[in-house]
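Participant: Before I ask anything, let me first share the structure, which is written out below as structure tokens.
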Amino acid sequence: MKREVQYFEKTGPENTGDCLEIMQDLVNEGYRNVVVATTSGETGLAAAKRLEGRWVNLAVITHSANFKGPNVEEISQDKRKEIESLGAKIYTGTILTHSLETALAGKFSGVYPTLLIAQTLRRFGEGLKVCCEIVMEAVDAGLIPEGEEVVAVAGTGRGADAVCLIKSAASKRFLDLKVTEILAKPRG
């Protein structure tokens, strides 16, 4: 099936509705594994509401605890419970292209492999980088199967502005991860 890419003029949450509509269309086509990035929980909740009552394996991926600072949790317990009540699974863990190497780079002013990978993926857009990360995180956590084409939705900062189909892989097998189709992304 030939699909057109939807390009957004700007990054940001104003594109979330369009991205979730694309996600829903892909589910209507038969895709059953969906991974969505969320920071505050708003995008994850909106995706869960759209997919409520459908047989879909929805994994909602948050920032790691303490990402924004010591003892700071970006998604509230109430939001978590609401998302889970709609049948989604939530994963909060370390961002694969962040953390340890970011700490080392800051301390020793070096460049490290995962930081190079992150910067390379950013050439396609922040949201598409996050799509790759969250799919691997979801596989690593056992929330979605490995080796299947899954729908990934993510964004730049808040909201969603990128949608793609990715052949899933665990982070240990990063080189097997394949972006098979880009369906939405910002031009900027």
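Letters A, B, ... mark the chains of the structure tokens in the order given; residue numbers begin at 1 per chain; ligand numbers begin at 1, in order shown.
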Compile the contact shell of region 168-171 of chain A as a PyMOL selection string: residues with an atom at most 8 Å away, counting only C-alpha atoms, same-chain residues fewer than 6 positions apart removed.
Facilitator: chain A and resi 96+135-137+139-140+145-150+177-178
Participant: List every residue of region 15-187 of chain A that DSSP, applied to the backbone, labels as helix (DSSP H, G or I), and write the result as number ranges by chain.
Facilitator: A: 15-29, 42-51, 77-85, 100-108, 113-122, 126-140, 171-176
Participant: Go through A:Leu115, A:Val56, A:Ala46, A:Ala154 and flag the residue nearest Ile83 (chain A), using only C-alpha atoms for the distances.
Facilitator: A:Ala46
Participant: Write out as a VMD selection string each polymer residue whose atoms come within 12 Å of Gly44 (chain A), counting only C-alpha atoms; drop sequence neighbours fewer than 3 positions from it.
Facilitator: chain A and resid 16 20 34 to 41 47 to 52 58 to 62 75 79 to 84 86 to 91 152 to 155 158 to 160
Participant: Those same residues - C-alpha atoms - I'd like them written as a CSV table (one decimal), in the first residue's frame.
Facilitator:
chain,number,residue,atom,x,y,z
A,16,THR,CA,-0.4,15.4,17.9
A,20,LEU,CA,-2.7,9.9,16.4
A,34,VAL,CA,2.0,0.4,18.9
A,35,VAL,CA,4.7,2.3,20.9
A,36,VAL,CA,4.0,5.9,21.9
A,37,ALA,CA,6.4,8.3,23.7
A,38,THR,CA,5.0,10.5,26.5
A,39,THR,CA,6.5,13.0,28.9
A,40,SER,CA,3.7,14.4,31.0
A,41,GLY,CA,1.3,11.5,30.0
A,47,ALA,CA,-3.3,7.4,22.2
A,48,ALA,CA,-4.9,5.1,24.8
A,49,LYS,CA,-8.3,6.8,24.5
A,50,ARG,CA,-8.2,6.5,20.7
A,51,LEU,CA,-7.3,2.8,20.9
A,52,GLU,CA,-9.6,1.9,23.8
A,58,LEU,CA,-0.1,-0.3,23.3
A,59,ALA,CA,3.2,0.4,25.1
A,60,VAL,CA,3.6,4.0,26.4
A,61,ILE,CA,7.2,5.0,27.1
A,62,THR,CA,8.1,7.8,29.5
A,75,ILE,CA,4.2,11.8,34.8
A,79,LYS,CA,-2.1,9.9,34.8
A,80,ARG,CA,-0.3,6.5,34.9
A,81,LYS,CA,-3.4,4.8,36.4
A,82,GLU,CA,-5.7,6.4,33.8
A,83,ILE,CA,-3.5,5.2,30.9
A,84,GLU,CA,-3.2,1.7,32.4
A,86,LEU,CA,-7.4,1.9,29.2
A,87,GLY,CA,-5.4,-1.2,28.6
A,88,ALA,CA,-2.0,0.3,27.8
A,89,LYS,CA,1.3,-0.7,29.4
A,90,ILE,CA,3.7,1.9,30.7
A,91,TYR,CA,7.5,1.7,30.8
A,152,ALA,CA,6.0,4.3,16.6
A,153,VAL,CA,4.7,7.7,17.6
A,154,ALA,CA,6.9,10.4,19.2
A,155,GLY,CA,7.7,14.1,19.2
A,158,ARG,CA,5.9,17.8,24.0
A,159,GLY,CA,3.2,16.2,21.9
A,160,ALA,CA,3.8,14.1,18.8
Participant: With only C-alpha atoms as the atoms that count, which of A:Leu183, A:Phe174, A:Asp161, A:Gly127 lies nearest to Phe8 (chain A)?
Facilitator: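 Result for the nearest residue to Phe8 (chain A): A:Asp161.
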Participant: Per DSSP on the backbone, what are the strand (DSSP E) residues of region 132-162 of chain A, as a ChimeraX atom specification?
Facilitator: /A:149-154,162
Participant: Skipping near chain neighbours, those fewer than 3 positions away, what residues fall within 12 Å of Gly30 (chain A) using only C-alpha atoms, listed as a list of chain:residue names?
Facilitator: A:Met23, A:Gln24, A:Asp25, A:Leu26, A:Val27, A:Asn33, A:Val34, A:Arg54, A:Trp55, A:Val56, A:Asn57, A:Glu149, A:Val150, A:Val151
Participant: Interatomic distance between CA of Gly69 (chain A) and CA of Val130 (chain A)?
Facilitator: 20.0 Å
Participant: Need the shell around Glu9 (chain A): protein/DNA/RNA residues with any atom at most 9 Å away, counting only C-alpha atoms. Skip same-chain ones fewer than 2 positions apart. Format as an MDAnalysis selection string?
Facilitator: chainID A and resid 7 11 185:188
Participant: Can you write out the residues you just picked, keeping C-alpha atoms, as a compact mmCIF listing (two decimals), in the first residue's frame?
Facilitator:
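Dumped to selection-v1.txt:
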# COMPACT_ATOMS: atom_id res chain seq x y z
CA TYR A 7 5.17 16.92 6.67
CA THR A 11 7.64 20.74 15.59
CA LYS A 185 7.69 14.32 10.47
CA PRO A 186 8.41 18.01 10.81
CA ARG A 187 10.32 19.71 8.02
CA GLY A 188 12.05 22.08 10.42
Participant: So, with only C-alpha atoms as the atoms that count, which of A:Ser64, A:Val163, A:Asp176, A:Val111 lies closest to Glu4 (chain A)?
Facilitator: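 For Glu4 (chain A), the nearest of the candidates is A:Val163.
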Participant: Calculate how many Å separate CA of Leu165 (chain A) from CA of Glu73 (chain A), rounding to one decimal.
Facilitator: 29.1 Å
